[in-house]
Amino acid sequence: MGFKGRTIAGERDLIGFQDKLYQVALEGKPLYNLLEFMKSEPVIDKAIHNIKSNRGSQTAGVDGATINDYLQMDRLELIELIKSQIDNYNPKMVRRTYIPKGKNTGKFRPLGIPVIVDRIIQEIARMAIEPYCEAKFYPHSYGFRPYRSTEHAIARVVQNINAKAYIAIEGDIKGYFDNINHNKLLAMLWEMGIKDKQFLALIKKMLKSKILDDGEIIDSDMGTPQGGIISPLLANIYLNNFDWMVSDLWESHPAVVTYTTTRKGKTVEEKTYQSLRNKTVAKHHKVNLVRYADDWIILTESKEYAQTLLTKLRKYMKHKLSLELSEEKTVITDCREEPLHFLGFLIKAEPKRLDGKIVGKVYPDWKKLLPKINEISQDINQLRRLKHAKDRVARIELINSKIIGIANYYKIGIAKKTFSKIDNLLFRVTLGSFRKLYGGNHTKHIYKVCELSNRVVRHEGYNFKTYAEVYQDSIVGITITAITKIEYAKLFNPAWIPYTPAGRDKWHESTQKNRKLHLEDIWTNYDKLGIYANLNNHKHNFEYYMNRPYAIKRDKAKCSVCKDFVYPHSVEVHHRKPELSLDKVNKVSNLTTLCVQCHKYVHNDVQVMEGLKPNQQKKILKLRKELTMTE
């Protein structure tokens with residue numbers, strides 16, 4: 001499929017084109033002319049918006065620039081800059097920094113920080129090929145893929161254990177992301193169907209980006225771009241052939257068929273082998289791979305076969321992928337005797353309480369969890385060193401976000417006892433901090449969580465006790481892990497396809513998550529901006545043009561004063577506080593949709609506002625008052 005001669009009119013058209021890429025991959029057709037797609041203005045707009053929403057966009061690369069430096073540029077100037085960079089792509093060095101793997105571990109993980117322009121181009125490249133690759137990927141690869149998560153990987157492991165596959169190969173690839181072979185990766189992209197030589201040349205330059213490490217320039221001969229947006233996708237591509245090789249041993253082998261059967265009133269899928277063309281075939285051992293990025297588990301039925309398979313896998317990794325499996329960490333485990341270690345969980349095959357049937361059970365791995373709890377404990381200890389209640393309240397909410405993050409991750413397993421253990425540990429640490437702060441009066445700061453002013457919905461109806469800080473009539477306390485509802489891991493639904501309209505609908509229906517704010521193409525027509533959109537005004541930079549249609553969409557294309565519908569030829573997007581600094585003035589929260597007449601009323605100091613009701617006139621007066629505000 002070529003892109004030549006095609007234009008993308010807006011974001012809705014972009015989504016439709018990505019859906020087409022997915023369909024083309026299913027049909028086995030190759031891709032060409034991807035650079036033309038990458039230089040489409042709506043694609044560049046969307047890529048910059050995606051970068052902006054990432055917290056790392058405020059971290060500078062070797063040039064010292066952050067996303068704000070580019071958002072404040074003139075829109076057309078920035079678009080032309082990105083286009084010219086794509087045409088003459090030569091990525092700048094990646095700044096390497098080191099972040100601790102965990103507090104008090106003494107170990108550090110290298111992190112690469114590309115410059116913003118290179119991040120934008122990587123995001124555009126990801127948008128160009130991800131839909132195509134999604135159609136080619138193995139179904140039970142769950143890491144760094146849309147709609148998929150650790151929950152689905154864990155549920156798949158449990159499903160296989162429930163099907164009596166108790167023997168597991170727990171795989172560990174030595175330094176996976178640092179040892180990807182560039183030439184093999186490019187060959188895999190070509191083999192997959194990405195036949196655009198210019199695009200592959202661009203990817204090769206990304207892979208070869210030099211690294212600046214504490215003043216030393218290092219060549220990048222192996223591995224994916226550190227910290228690169230496209231790196232997770234490339235890493236999945238590199239292991240895709242491995243996935244399908246394992247799958248062909250059982251799941252996708254032509255002699256293995258899938259059938260449905262009824263068990264306890266439920267319809268379930270089973271697999272079995274059959275003779276091929278009336279010839280007898282050797283018995284096929286059940287082999288099921290579950291992979292999340294470079295973490296993977298293969299489940300089968302016998303240790304003898306697992307040992308034979310592991311020998312084959314070591315040879316495949318070495319000769320086909322130039323990778324090595326760790327001798328120490330790659331182990332064969334009978335999960336009836338020892339737990340599997342996967343994605344921070346322990347997975348065991350244990351009897352059910354009622355009927356004694358062996359099933360997979362998932363528990364939090366306390367050894368993996370403890371460093372995170374120690375980090376939160378240190379945050380709680382810092383409370384005693386903060387002099388002002390305002391600062392302590394802010395720190396408590398930071399602590400709460402970490403506690404809830406841990407609880408939400410581990411709630412997919414049997415975690416109630418672990419949650420109680422966490423709460424008891426943190427309560428003792430909190431008691432120590434509040435005793436230091438308030439001495440004998442510390443007990444006056446103990447409240448039931450249902451009495452707290454923060455996280456009201458979460459805490460409603462619970463009588464667990466916790467410590468809290470009182471600030472401006474608000475009671476802000478540390479949340480309790482044990483009130484998190486356990487929701488056991490559920491399987492991924494193969495009908496959830498991010499690149500078909502029906503697949504997106506099914507995902508939203510199942511997860512009840514809000515749909516992304518996709519823009520109507522009419523609001524991105526820059527030739528039909530309202531009469532007050534002066535292109536020479538410094539406020540009308542790239543960020544304004546990017547956020548303008550989002551504000552209109554948020555306001556449902558209605559004037560925020562009179563509630564009349566607005567139209568592309570007449571809509572006005574008003575800066576509520578035009579005196580804010582340039583890095584704040586064009587945020588969506590500072591923009592509001594107005595019709596032409598109401599916008600005139602805001603900027604003209606007239607007392608008679610014909611056609612407006614009293615409450616609407618109050619809105620105009622409020623908008624007038626905001627015009628001179630700076631905060």
# chains A, B, ... in the order shown; residues from 1 in each chain; ligands from 1

call {"tool": "residues_around", "arguments": {"residues": "Tyr70 of chain A", "least_positions_apart": "2", "cutoff": "9 Å", "atoms": "only C-alpha atoms", "output": "short mmCIF file (atom, residue, chain, number, x, y, z; two decimals) with all heavy atoms, in the first residue's frame"}}
result
data_model
loop_
_atom_site.label_atom_id
_atom_site.label_comp_id
_atom_site.auth_asym_id
_atom_site.auth_seq_id
_atom_site.Cartn_x
_atom_site.Cartn_y
_atom_site.Cartn_z
N ALA A 65 16.40 22.17 25.07
CA ALA A 65 15.03 22.60 24.78
C ALA A 65 14.01 21.60 25.33
O ALA A 65 14.24 20.39 25.35
CB ALA A 65 14.83 22.75 23.27
N THR A 66 12.85 22.13 25.78
CA THR A 66 11.72 21.29 26.20
C THR A 66 10.57 21.52 25.22
O THR A 66 10.66 22.35 24.31
CB THR A 66 11.26 21.64 27.63
OG1 THR A 66 10.65 22.96 27.61
CG2 THR A 66 12.43 21.63 28.60
N ILE A 67 9.49 20.80 25.42
CA ILE A 67 8.35 20.91 24.50
C ILE A 67 7.80 22.32 24.47
O ILE A 67 7.31 22.79 23.43
CB ILE A 67 7.24 19.90 24.87
CG1 ILE A 67 6.18 19.82 23.77
CG2 ILE A 67 6.63 20.22 26.21
CD1 ILE A 67 6.66 19.27 22.45
N ASN A 68 7.90 23.06 25.58
CA ASN A 68 7.36 24.43 25.61
C ASN A 68 8.04 25.34 24.60
O ASN A 68 7.43 26.25 24.03
CB ASN A 68 7.48 25.03 27.01
CG ASN A 68 6.41 24.50 27.95
OD1 ASN A 68 5.37 24.01 27.50
ND2 ASN A 68 6.67 24.58 29.24
N GLN A 72 5.59 27.24 21.59
CA GLN A 72 5.48 28.69 21.47
C GLN A 72 5.95 29.21 20.12
O GLN A 72 5.96 30.42 19.88
CB GLN A 72 6.27 29.34 22.62
CG GLN A 72 5.61 29.08 23.98
CD GLN A 72 6.51 29.39 25.15
OE1 GLN A 72 7.47 30.14 25.01
NE2 GLN A 72 6.21 28.82 26.30
N MET A 73 6.31 28.31 19.23
CA MET A 73 6.68 28.71 17.87
C MET A 73 5.43 28.97 17.03
O MET A 73 4.34 28.50 17.35
CB MET A 73 7.50 27.60 17.19
CG MET A 73 8.91 27.44 17.75
SD MET A 73 9.78 26.04 16.97
CE MET A 73 9.86 26.58 15.25
N ASP A 74 5.60 29.71 15.94
CA ASP A 74 4.53 29.85 14.96
C ASP A 74 4.21 28.47 14.39
O ASP A 74 5.11 27.67 14.11
CB ASP A 74 4.99 30.79 13.84
CG ASP A 74 3.99 30.86 12.71
OD1 ASP A 74 2.97 31.54 12.88
OD2 ASP A 74 4.24 30.20 11.67
N LEU A 78 6.86 25.66 12.76
CA LEU A 78 7.16 24.39 13.40
C LEU A 78 6.86 23.21 12.46
O LEU A 78 7.65 22.26 12.37
CB LEU A 78 6.36 24.24 14.70
CG LEU A 78 6.55 22.94 15.48
CD1 LEU A 78 8.03 22.67 15.74
CD2 LEU A 78 5.78 22.99 16.80
N ILE A 116 13.79 17.04 21.64
CA ILE A 116 12.35 17.04 21.40
C ILE A 116 12.02 16.76 19.93
O ILE A 116 11.10 15.99 19.63
CB ILE A 116 11.74 18.39 21.83
CG1 ILE A 116 11.84 18.56 23.36
CG2 ILE A 116 10.28 18.48 21.40
CD1 ILE A 116 11.05 17.58 24.18
N VAL A 117 12.75 17.37 19.00
CA VAL A 117 12.45 17.15 17.58
C VAL A 117 12.59 15.67 17.23
O VAL A 117 11.75 15.11 16.51
CB VAL A 117 13.37 18.00 16.68
CG1 VAL A 117 13.25 17.57 15.23
CG2 VAL A 117 12.99 19.48 16.81
N PHE A 542 1.91 27.74 18.05
CA PHE A 542 1.50 26.37 17.74
C PHE A 542 0.57 25.82 18.82
O PHE A 542 -0.41 25.14 18.52
CB PHE A 542 2.72 25.46 17.61
CG PHE A 542 2.36 24.05 17.24
CD1 PHE A 542 2.22 23.69 15.91
CD2 PHE A 542 2.10 23.10 18.21
CE1 PHE A 542 1.85 22.40 15.56
CE2 PHE A 542 1.72 21.82 17.87
CZ PHE A 542 1.59 21.47 16.54
N GLU A 543 0.87 26.12 20.08
CA GLU A 543 0.04 25.58 21.16
C GLU A 543 -1.40 26.07 21.06
O GLU A 543 -2.34 25.31 21.31
CB GLU A 543 0.64 25.96 22.52
CG GLU A 543 -0.09 25.29 23.68
CD GLU A 543 0.58 25.54 25.01
OE1 GLU A 543 1.31 26.55 25.14
OE2 GLU A 543 0.39 24.73 25.93
#

call {"tool": "residues_around", "arguments": {"residues": "Tyr32 of chain A", "least_positions_apart": "5", "cutoff": "12 Å", "atoms": "only C-alpha atoms", "output": "PyMOL selection string"}}
result
chain A and resi 1-4+21+24+37-38+128-129+132+190+193-200

call {"tool": "atom_distance", "arguments": {"atom1": "atom CA of Leu212 of chain A", "atom2": "atom CA of Asn54 of chain A"}}
result
22.7 Å

call {"tool": "closest_residue", "arguments": {"among": "A:Lys411, A:Lys286, A:His442, A:Arg145", "to": "Val362 of chain A", "atoms": "only C-alpha atoms"}}
result
A:Lys411

call {"tool": "closest_residue", "arguments": {"among": "A:Ala482, A:Asn288, A:Leu452, A:Gln472", "to": "Phe419 of chain A", "atoms": "only C-alpha atoms"}}
result
A:Ala482

call {"tool": "select_by_dssp", "arguments": {"residues": "segment 325-387 of chain A", "states": "helix (DSSP H, G or I)", "output": "list in words"}}
result
Trp366, Lys367, Lys368, Leu369, Leu370, Pro371, Lys372, Ile373, Asn374, Glu375, Ile376, Ser377, Gln378, Asp379, Ile380, Asn381, Gln382, Leu383, Arg384 and Arg385 of chain A

call {"tool": "write_last_selection", "arguments": {"atoms": "N, CA and C atoms", "output": "compact mmCIF listing (two decimals), in the first residue's frame"}}
result
# COMPACT_ATOMS: atom_id res chain seq x y z
N TRP A 366 6.13 -10.28 47.54
CA TRP A 366 6.50 -9.33 48.58
C TRP A 366 7.93 -8.81 48.39
N LYS A 367 8.83 -9.64 47.87
CA LYS A 367 10.21 -9.18 47.65
C LYS A 367 10.27 -8.05 46.63
N LYS A 368 9.41 -8.12 45.61
CA LYS A 368 9.35 -7.06 44.60
C LYS A 368 8.63 -5.83 45.15
N LEU A 369 7.69 -6.08 46.03
CA LEU A 369 6.85 -5.01 46.55
C LEU A 369 7.54 -4.21 47.65
N LEU A 370 8.36 -4.87 48.46
CA LEU A 370 8.95 -4.24 49.64
C LEU A 370 9.74 -2.96 49.33
N PRO A 371 10.57 -2.91 48.27
CA PRO A 371 11.28 -1.65 47.99
C PRO A 371 10.33 -0.48 47.74
N LYS A 372 9.18 -0.75 47.12
CA LYS A 372 8.20 0.32 46.88
C LYS A 372 7.59 0.79 48.20
N ILE A 373 7.34 -0.15 49.12
CA ILE A 373 6.79 0.22 50.42
C ILE A 373 7.83 1.00 51.22
N ASN A 374 9.07 0.62 51.13
CA ASN A 374 10.14 1.36 51.83
C ASN A 374 10.25 2.78 51.30
N GLU A 375 10.04 2.95 50.00
CA GLU A 375 10.08 4.30 49.41
C GLU A 375 8.95 5.16 49.96
N ILE A 376 7.76 4.58 50.08
CA ILE A 376 6.63 5.33 50.65
C ILE A 376 6.90 5.64 52.12
N SER A 377 7.51 4.69 52.83
CA SER A 377 7.83 4.92 54.25
C SER A 377 8.77 6.11 54.40
N GLN A 378 9.72 6.24 53.50
CA GLN A 378 10.64 7.38 53.56
C GLN A 378 9.91 8.69 53.29
N ASP A 379 8.93 8.65 52.36
CA ASP A 379 8.11 9.85 52.11
C ASP A 379 7.33 10.24 53.37
N ILE A 380 6.81 9.25 54.08
CA ILE A 380 6.06 9.53 55.31
C ILE A 380 6.99 10.09 56.38
N ASN A 381 8.20 9.55 56.45
CA ASN A 381 9.17 10.07 57.42
C ASN A 381 9.50 11.53 57.17
N GLN A 382 9.43 11.96 55.91
CA GLN A 382 9.75 13.35 55.57
C GLN A 382 8.70 14.33 56.09
N LEU A 383 7.51 13.83 56.42
CA LEU A 383 6.45 14.72 56.93
C LEU A 383 6.90 15.48 58.16
N ARG A 384 7.66 14.81 59.04
CA ARG A 384 8.08 15.45 60.30
C ARG A 384 9.04 16.60 60.06
N ARG A 385 9.63 16.67 58.89
CA ARG A 385 10.61 17.73 58.59
C ARG A 385 9.98 18.92 57.88

call {"tool": "residues_around", "arguments": {"residues": "Leu76 of chain A", "least_positions_apart": "4", "cutoff": "12 Å", "atoms": "only C-alpha atoms", "output": "PyMOL selection string"}}
result
chain A and resi 41+44-45+70-72+80-83+526+535+540-543+545-546

call {"tool": "atom_distance", "arguments": {"atom1": "atom CA of Thr7 of chain A", "atom2": "atom CA of Asp19 of chain A"}}
result
15.4 Å

call {"tool": "residues_around", "arguments": {"residues": "Lys174 of chain A", "least_positions_apart": "4", "cutoff": "12 Å", "atoms": "only C-alpha atoms", "output": "number ranges by chain"}}
result
A: 178-180, 294-295, 314, 317-318, 322-330

call {"tool": "write_last_selection", "arguments": {"atoms": "all heavy atoms", "output": "CSV table (one decimal), in the first residue's frame"}}
result
chain,number,residue,atom,x,y,z
A,178,ASP,N,19.5,-3.6,25.2
A,178,ASP,CA,20.8,-3.1,24.8
A,178,ASP,C,21.5,-4.0,23.8
A,178,ASP,O,22.6,-3.7,23.3
A,178,ASP,CB,21.7,-3.1,26.1
A,178,ASP,CG,21.2,-2.0,27.1
A,178,ASP,OD1,20.6,-1.0,26.6
A,178,ASP,OD2,21.4,-2.2,28.3
A,179,ASN,N,20.9,-5.2,23.5
A,179,ASN,CA,21.6,-6.1,22.6
A,179,ASN,C,20.9,-6.5,21.3
A,179,ASN,O,21.2,-7.5,20.7
A,179,ASN,CB,21.9,-7.4,23.4
A,179,ASN,CG,23.0,-7.2,24.4
A,179,ASN,OD1,24.2,-6.9,24.1
A,179,ASN,ND2,22.7,-7.3,25.7
A,180,ILE,N,19.9,-5.7,21.0
A,180,ILE,CA,19.2,-5.9,19.7
A,180,ILE,C,20.1,-5.6,18.6
A,180,ILE,O,20.7,-4.5,18.5
A,180,ILE,CB,17.9,-5.0,19.7
A,180,ILE,CG1,16.8,-5.6,20.7
A,180,ILE,CG2,17.3,-5.0,18.3
A,180,ILE,CD1,15.6,-4.7,20.8
A,294,ASP,N,10.2,-8.1,27.5
A,294,ASP,CA,11.3,-9.1,27.5
A,294,ASP,C,11.1,-10.1,28.6
A,294,ASP,O,11.9,-11.0,28.9
A,294,ASP,CB,12.7,-8.5,27.7
A,294,ASP,CG,12.8,-7.6,28.9
A,294,ASP,OD1,11.7,-7.1,29.4
A,294,ASP,OD2,13.9,-7.5,29.5
A,295,ASP,N,9.9,-10.1,29.3
A,295,ASP,CA,9.6,-11.1,30.3
A,295,ASP,C,8.6,-12.1,29.7
A,295,ASP,O,7.6,-11.7,29.1
A,295,ASP,CB,8.9,-10.4,31.5
A,295,ASP,CG,9.8,-9.6,32.4
A,295,ASP,OD1,11.0,-10.0,32.6
A,295,ASP,OD2,9.4,-8.5,32.9
A,314,ARG,N,17.5,-21.7,23.5
A,314,ARG,CA,18.8,-21.1,23.7
A,314,ARG,C,19.5,-21.0,22.3
A,314,ARG,O,20.1,-20.0,22.0
A,314,ARG,CB,19.6,-22.0,24.6
A,314,ARG,CG,19.2,-21.9,26.1
A,314,ARG,CD,20.3,-22.5,27.0
A,314,ARG,NE,19.8,-22.7,28.3
A,314,ARG,CZ,19.8,-21.7,29.2
A,314,ARG,NH1,20.2,-20.5,28.9
A,314,ARG,NH2,19.3,-21.9,30.4
A,317,MET,N,17.7,-18.2,20.2
A,317,MET,CA,18.1,-16.9,20.6
A,317,MET,C,19.5,-16.6,20.1
A,317,MET,O,19.8,-15.4,19.7
A,317,MET,CB,18.0,-16.8,22.2
A,317,MET,CG,16.6,-16.8,22.7
A,317,MET,SD,15.9,-15.1,22.5
A,317,MET,CE,14.3,-15.4,23.2
A,318,LYS,N,20.4,-17.5,20.3
A,318,LYS,CA,21.8,-17.2,19.9
A,318,LYS,C,22.0,-17.0,18.4
A,318,LYS,O,22.6,-16.1,18.0
A,318,LYS,CB,22.7,-18.3,20.4
A,318,LYS,CG,24.2,-18.1,20.2
A,318,LYS,CD,25.0,-19.2,20.8
A,318,LYS,CE,26.5,-19.0,20.5
A,318,LYS,NZ,27.3,-20.1,21.1
A,322,SER,N,20.8,-13.3,18.0
A,322,SER,CA,22.1,-12.8,18.6
A,322,SER,C,21.9,-12.4,20.1
A,322,SER,O,22.4,-11.4,20.5
A,322,SER,CB,22.7,-11.6,17.8
A,322,SER,OG,22.9,-12.0,16.5
A,323,LEU,N,21.0,-13.1,20.8
A,323,LEU,CA,20.7,-12.9,22.2
A,323,LEU,C,21.1,-14.1,23.0
A,323,LEU,O,21.2,-15.2,22.5
A,323,LEU,CB,19.2,-12.5,22.4
A,323,LEU,CG,18.7,-11.3,21.6
A,323,LEU,CD1,17.2,-11.2,21.8
A,323,LEU,CD2,19.3,-10.0,22.2
A,324,GLU,N,21.2,-13.9,24.3
A,324,GLU,CA,21.5,-15.0,25.2
A,324,GLU,C,20.5,-15.0,26.3
A,324,GLU,O,20.0,-14.0,26.9
A,324,GLU,CB,22.9,-14.8,25.9
A,324,GLU,CG,24.1,-15.2,25.1
A,324,GLU,CD,25.3,-15.1,25.9
A,324,GLU,OE1,25.6,-16.0,26.7
A,324,GLU,OE2,26.1,-14.2,25.7
A,325,LEU,N,20.1,-16.3,26.7
A,325,LEU,CA,19.3,-16.5,27.9
A,325,LEU,C,20.2,-16.6,29.1
A,325,LEU,O,21.2,-17.3,29.0
A,325,LEU,CB,18.4,-17.7,27.7
A,325,LEU,CG,17.3,-17.7,26.6
A,325,LEU,CD1,16.6,-19.0,26.6
A,325,LEU,CD2,16.3,-16.6,26.9
A,326,SER,N,19.8,-16.0,30.2
A,326,SER,CA,20.5,-16.0,31.4
A,326,SER,C,20.5,-17.5,31.9
A,326,SER,O,19.4,-18.1,32.1
A,326,SER,CB,19.9,-15.1,32.4
A,326,SER,OG,20.5,-15.3,33.7
A,327,GLU,N,21.7,-18.0,32.2
A,327,GLU,CA,21.8,-19.4,32.8
A,327,GLU,C,21.2,-19.4,34.2
A,327,GLU,O,20.5,-20.4,34.5
A,327,GLU,CB,23.3,-19.8,32.9
A,327,GLU,CG,23.9,-20.0,31.5
A,327,GLU,CD,23.5,-21.3,30.8
A,327,GLU,OE1,22.9,-22.1,31.5
A,327,GLU,OE2,23.7,-21.4,29.6
A,328,GLU,N,21.3,-18.4,35.0
A,328,GLU,CA,20.8,-18.4,36.3
A,328,GLU,C,19.3,-18.1,36.4
A,328,GLU,O,18.6,-18.7,37.2
A,328,GLU,CB,21.6,-17.3,37.2
A,328,GLU,CG,23.1,-17.6,37.3
A,328,GLU,CD,23.8,-16.5,38.0
A,328,GLU,OE1,23.1,-15.5,38.4
A,328,GLU,OE2,25.0,-16.6,38.2
A,329,LYS,N,18.9,-17.1,35.6
A,329,LYS,CA,17.5,-16.7,35.8
A,329,LYS,C,16.5,-17.4,34.9
A,329,LYS,O,15.3,-17.3,35.1
A,329,LYS,CB,17.4,-15.2,35.5
A,329,LYS,CG,18.2,-14.4,36.5
A,329,LYS,CD,18.1,-12.9,36.2
A,329,LYS,CE,18.9,-12.0,37.2
A,329,LYS,NZ,18.8,-10.6,36.9
A,330,THR,N,17.0,-18.1,33.9
A,330,THR,CA,16.1,-18.9,33.0
A,330,THR,C,15.9,-20.3,33.6
A,330,THR,O,16.9,-21.0,33.6
A,330,THR,CB,16.6,-18.9,31.6
A,330,THR,OG1,16.7,-17.6,31.1
A,330,THR,CG2,15.6,-19.7,30.7

call {"tool": "closest_residue", "arguments": {"among": "A:His508, A:His574, A:Cys595, A:Val588", "to": "Lys558 of chain A", "atoms": "only C-alpha atoms"}}
result
A:Cys595

call {"tool": "atom_distance", "arguments": {"atom1": "atom CA of Gln307 of chain A", "atom2": "atom CA of Asn240 of chain A"}}
result
22.5 Å

call {"tool": "residues_around", "arguments": {"residues": "Thr150 of chain A", "least_positions_apart": "2", "cutoff": "10 Å", "atoms": "only C-alpha atoms", "output": "list of chain:residue names"}}
result
A:Tyr142, A:Gly143, A:Phe144, A:Arg148, A:His152, A:Ala153, A:Ile154, A:Ala155, A:Arg156, A:Arg291, A:Tyr292, A:Phe342, A:Leu343, A:Gly344, A:Tyr409, A:Ile412, A:Ala489

call {"tool": "residues_around", "arguments": {"residues": "segment 214-218 of chain A", "least_positions_apart": "3", "cutoff": "10 Å", "atoms": "only C-alpha atoms", "output": "short mmCIF file (atom, residue, chain, number, x, y, z; two decimals) with N, CA and C atoms, in the first residue's frame"}}
result
data_model
loop_
_atom_site.label_atom_id
_atom_site.label_comp_id
_atom_site.auth_asym_id
_atom_site.auth_seq_id
_atom_site.Cartn_x
_atom_site.Cartn_y
_atom_site.Cartn_z
N MET A 93 22.54 13.72 19.33
CA MET A 93 22.95 12.76 20.36
C MET A 93 21.86 12.61 21.43
N VAL A 94 21.84 11.44 22.02
CA VAL A 94 20.92 11.15 23.12
C VAL A 94 21.66 11.40 24.44
N ARG A 95 21.07 12.22 25.29
CA ARG A 95 21.71 12.48 26.60
C ARG A 95 21.39 11.35 27.56
N ARG A 96 22.43 10.70 28.07
CA ARG A 96 22.20 9.58 28.99
C ARG A 96 22.27 10.07 30.43
N THR A 97 21.29 9.63 31.20
CA THR A 97 21.31 9.88 32.63
C THR A 97 21.04 8.56 33.33
N SER A 209 21.84 6.53 16.68
CA SER A 209 22.03 7.81 17.40
C SER A 209 23.15 7.68 18.43
N LYS A 210 24.09 8.61 18.40
CA LYS A 210 25.19 8.58 19.38
C LYS A 210 24.66 8.96 20.77
N ILE A 211 25.40 8.56 21.78
CA ILE A 211 25.00 8.78 23.17
C ILE A 211 26.03 9.67 23.85
N ASP A 221 25.99 0.85 18.49
CA ASP A 221 26.07 -0.22 17.50
C ASP A 221 25.05 -1.32 17.76
#

call {"tool": "select_by_dssp", "arguments": {"residues": "segment 268-367 of chain A", "states": "strand (DSSP E or B)", "output": "PyMOL selection string"}}
result
chain A and resi 268-273+276+279+288-292+295-300+325+331-334+340-342+345-351+358-364

call {"tool": "residues_around", "arguments": {"residues": "Tyr305 of chain A", "least_positions_apart": "6", "cutoff": "12 Å", "atoms": "only C-alpha atoms", "output": "list in words"}}
result
Ala165, Ile167, Ala168, Ile169, Leu249, Lys283, His284, His285, Lys286, Val287, Ile298, Leu299, Thr311, Lys312 and Ile332 of chain A

call {"tool": "decode", "arguments": {"residues": "segment 301-312 of chain A", "atoms": "N, CA and C atoms", "output": "PDB file, in the first residue's frame"}}
result
ATOM      1  N   GLU A 301       3.535 -29.458  29.642  1.00  0.00           N
ATOM      2  CA  GLU A 301       3.000 -30.492  30.529  1.00  0.00           C
ATOM      3  C   GLU A 301       4.049 -31.405  31.150  1.00  0.00           C
ATOM      4  N   SER A 302       5.277 -31.384  30.657  1.00  0.00           N
ATOM      5  CA  SER A 302       6.282 -32.279  31.238  1.00  0.00           C
ATOM      6  C   SER A 302       7.633 -31.595  31.329  1.00  0.00           C
ATOM      7  N   LYS A 303       8.383 -31.944  32.375  1.00  0.00           N
ATOM      8  CA  LYS A 303       9.706 -31.364  32.568  1.00  0.00           C
ATOM      9  C   LYS A 303      10.671 -31.819  31.480  1.00  0.00           C
ATOM     10  N   GLU A 304      10.503 -33.077  31.036  1.00  0.00           N
ATOM     11  CA  GLU A 304      11.392 -33.616  30.019  1.00  0.00           C
ATOM     12  C   GLU A 304      11.275 -32.808  28.727  1.00  0.00           C
ATOM     13  N   TYR A 305      10.030 -32.550  28.316  1.00  0.00           N
ATOM     14  CA  TYR A 305       9.842 -31.761  27.097  1.00  0.00           C
ATOM     15  C   TYR A 305      10.305 -30.320  27.309  1.00  0.00           C
ATOM     16  N   ALA A 306      10.066 -29.775  28.503  1.00  0.00           N
ATOM     17  CA  ALA A 306      10.490 -28.400  28.797  1.00  0.00           C
ATOM     18  C   ALA A 306      12.003 -28.273  28.664  1.00  0.00           C
ATOM     19  N   GLN A 307      12.747 -29.293  29.114  1.00  0.00           N
ATOM     20  CA  GLN A 307      14.199 -29.254  29.014  1.00  0.00           C
ATOM     21  C   GLN A 307      14.650 -29.293  27.565  1.00  0.00           C
ATOM     22  N   THR A 308      13.993 -30.159  26.773  1.00  0.00           N
ATOM     23  CA  THR A 308      14.308 -30.238  25.342  1.00  0.00           C
ATOM     24  C   THR A 308      14.006 -28.915  24.650  1.00  0.00           C
ATOM     25  N   LEU A 309      12.868 -28.342  24.982  1.00  0.00           N
ATOM     26  CA  LEU A 309      12.458 -27.071  24.373  1.00  0.00           C
ATOM     27  C   LEU A 309      13.399 -25.944  24.762  1.00  0.00           C
ATOM     28  N   LEU A 310      13.839 -25.923  26.024  1.00  0.00           N
ATOM     29  CA  LEU A 310      14.743 -24.860  26.477  1.00  0.00           C
ATOM     30  C   LEU A 310      16.057 -24.900  25.703  1.00  0.00           C
ATOM     31  N   THR A 311      16.562 -26.104  25.440  1.00  0.00           N
ATOM     32  CA  THR A 311      17.781 -26.233  24.633  1.00  0.00           C
ATOM     33  C   THR A 311      17.566 -25.629  23.245  1.00  0.00           C
ATOM     34  N   LYS A 312      16.411 -25.904  22.662  1.00  0.00           N
ATOM     35  CA  LYS A 312      16.084 -25.351  21.345  1.00  0.00           C
ATOM     36  C   LYS A 312      15.984 -23.825  21.400  1.00  0.00           C
TER      37      LYS A 312
END
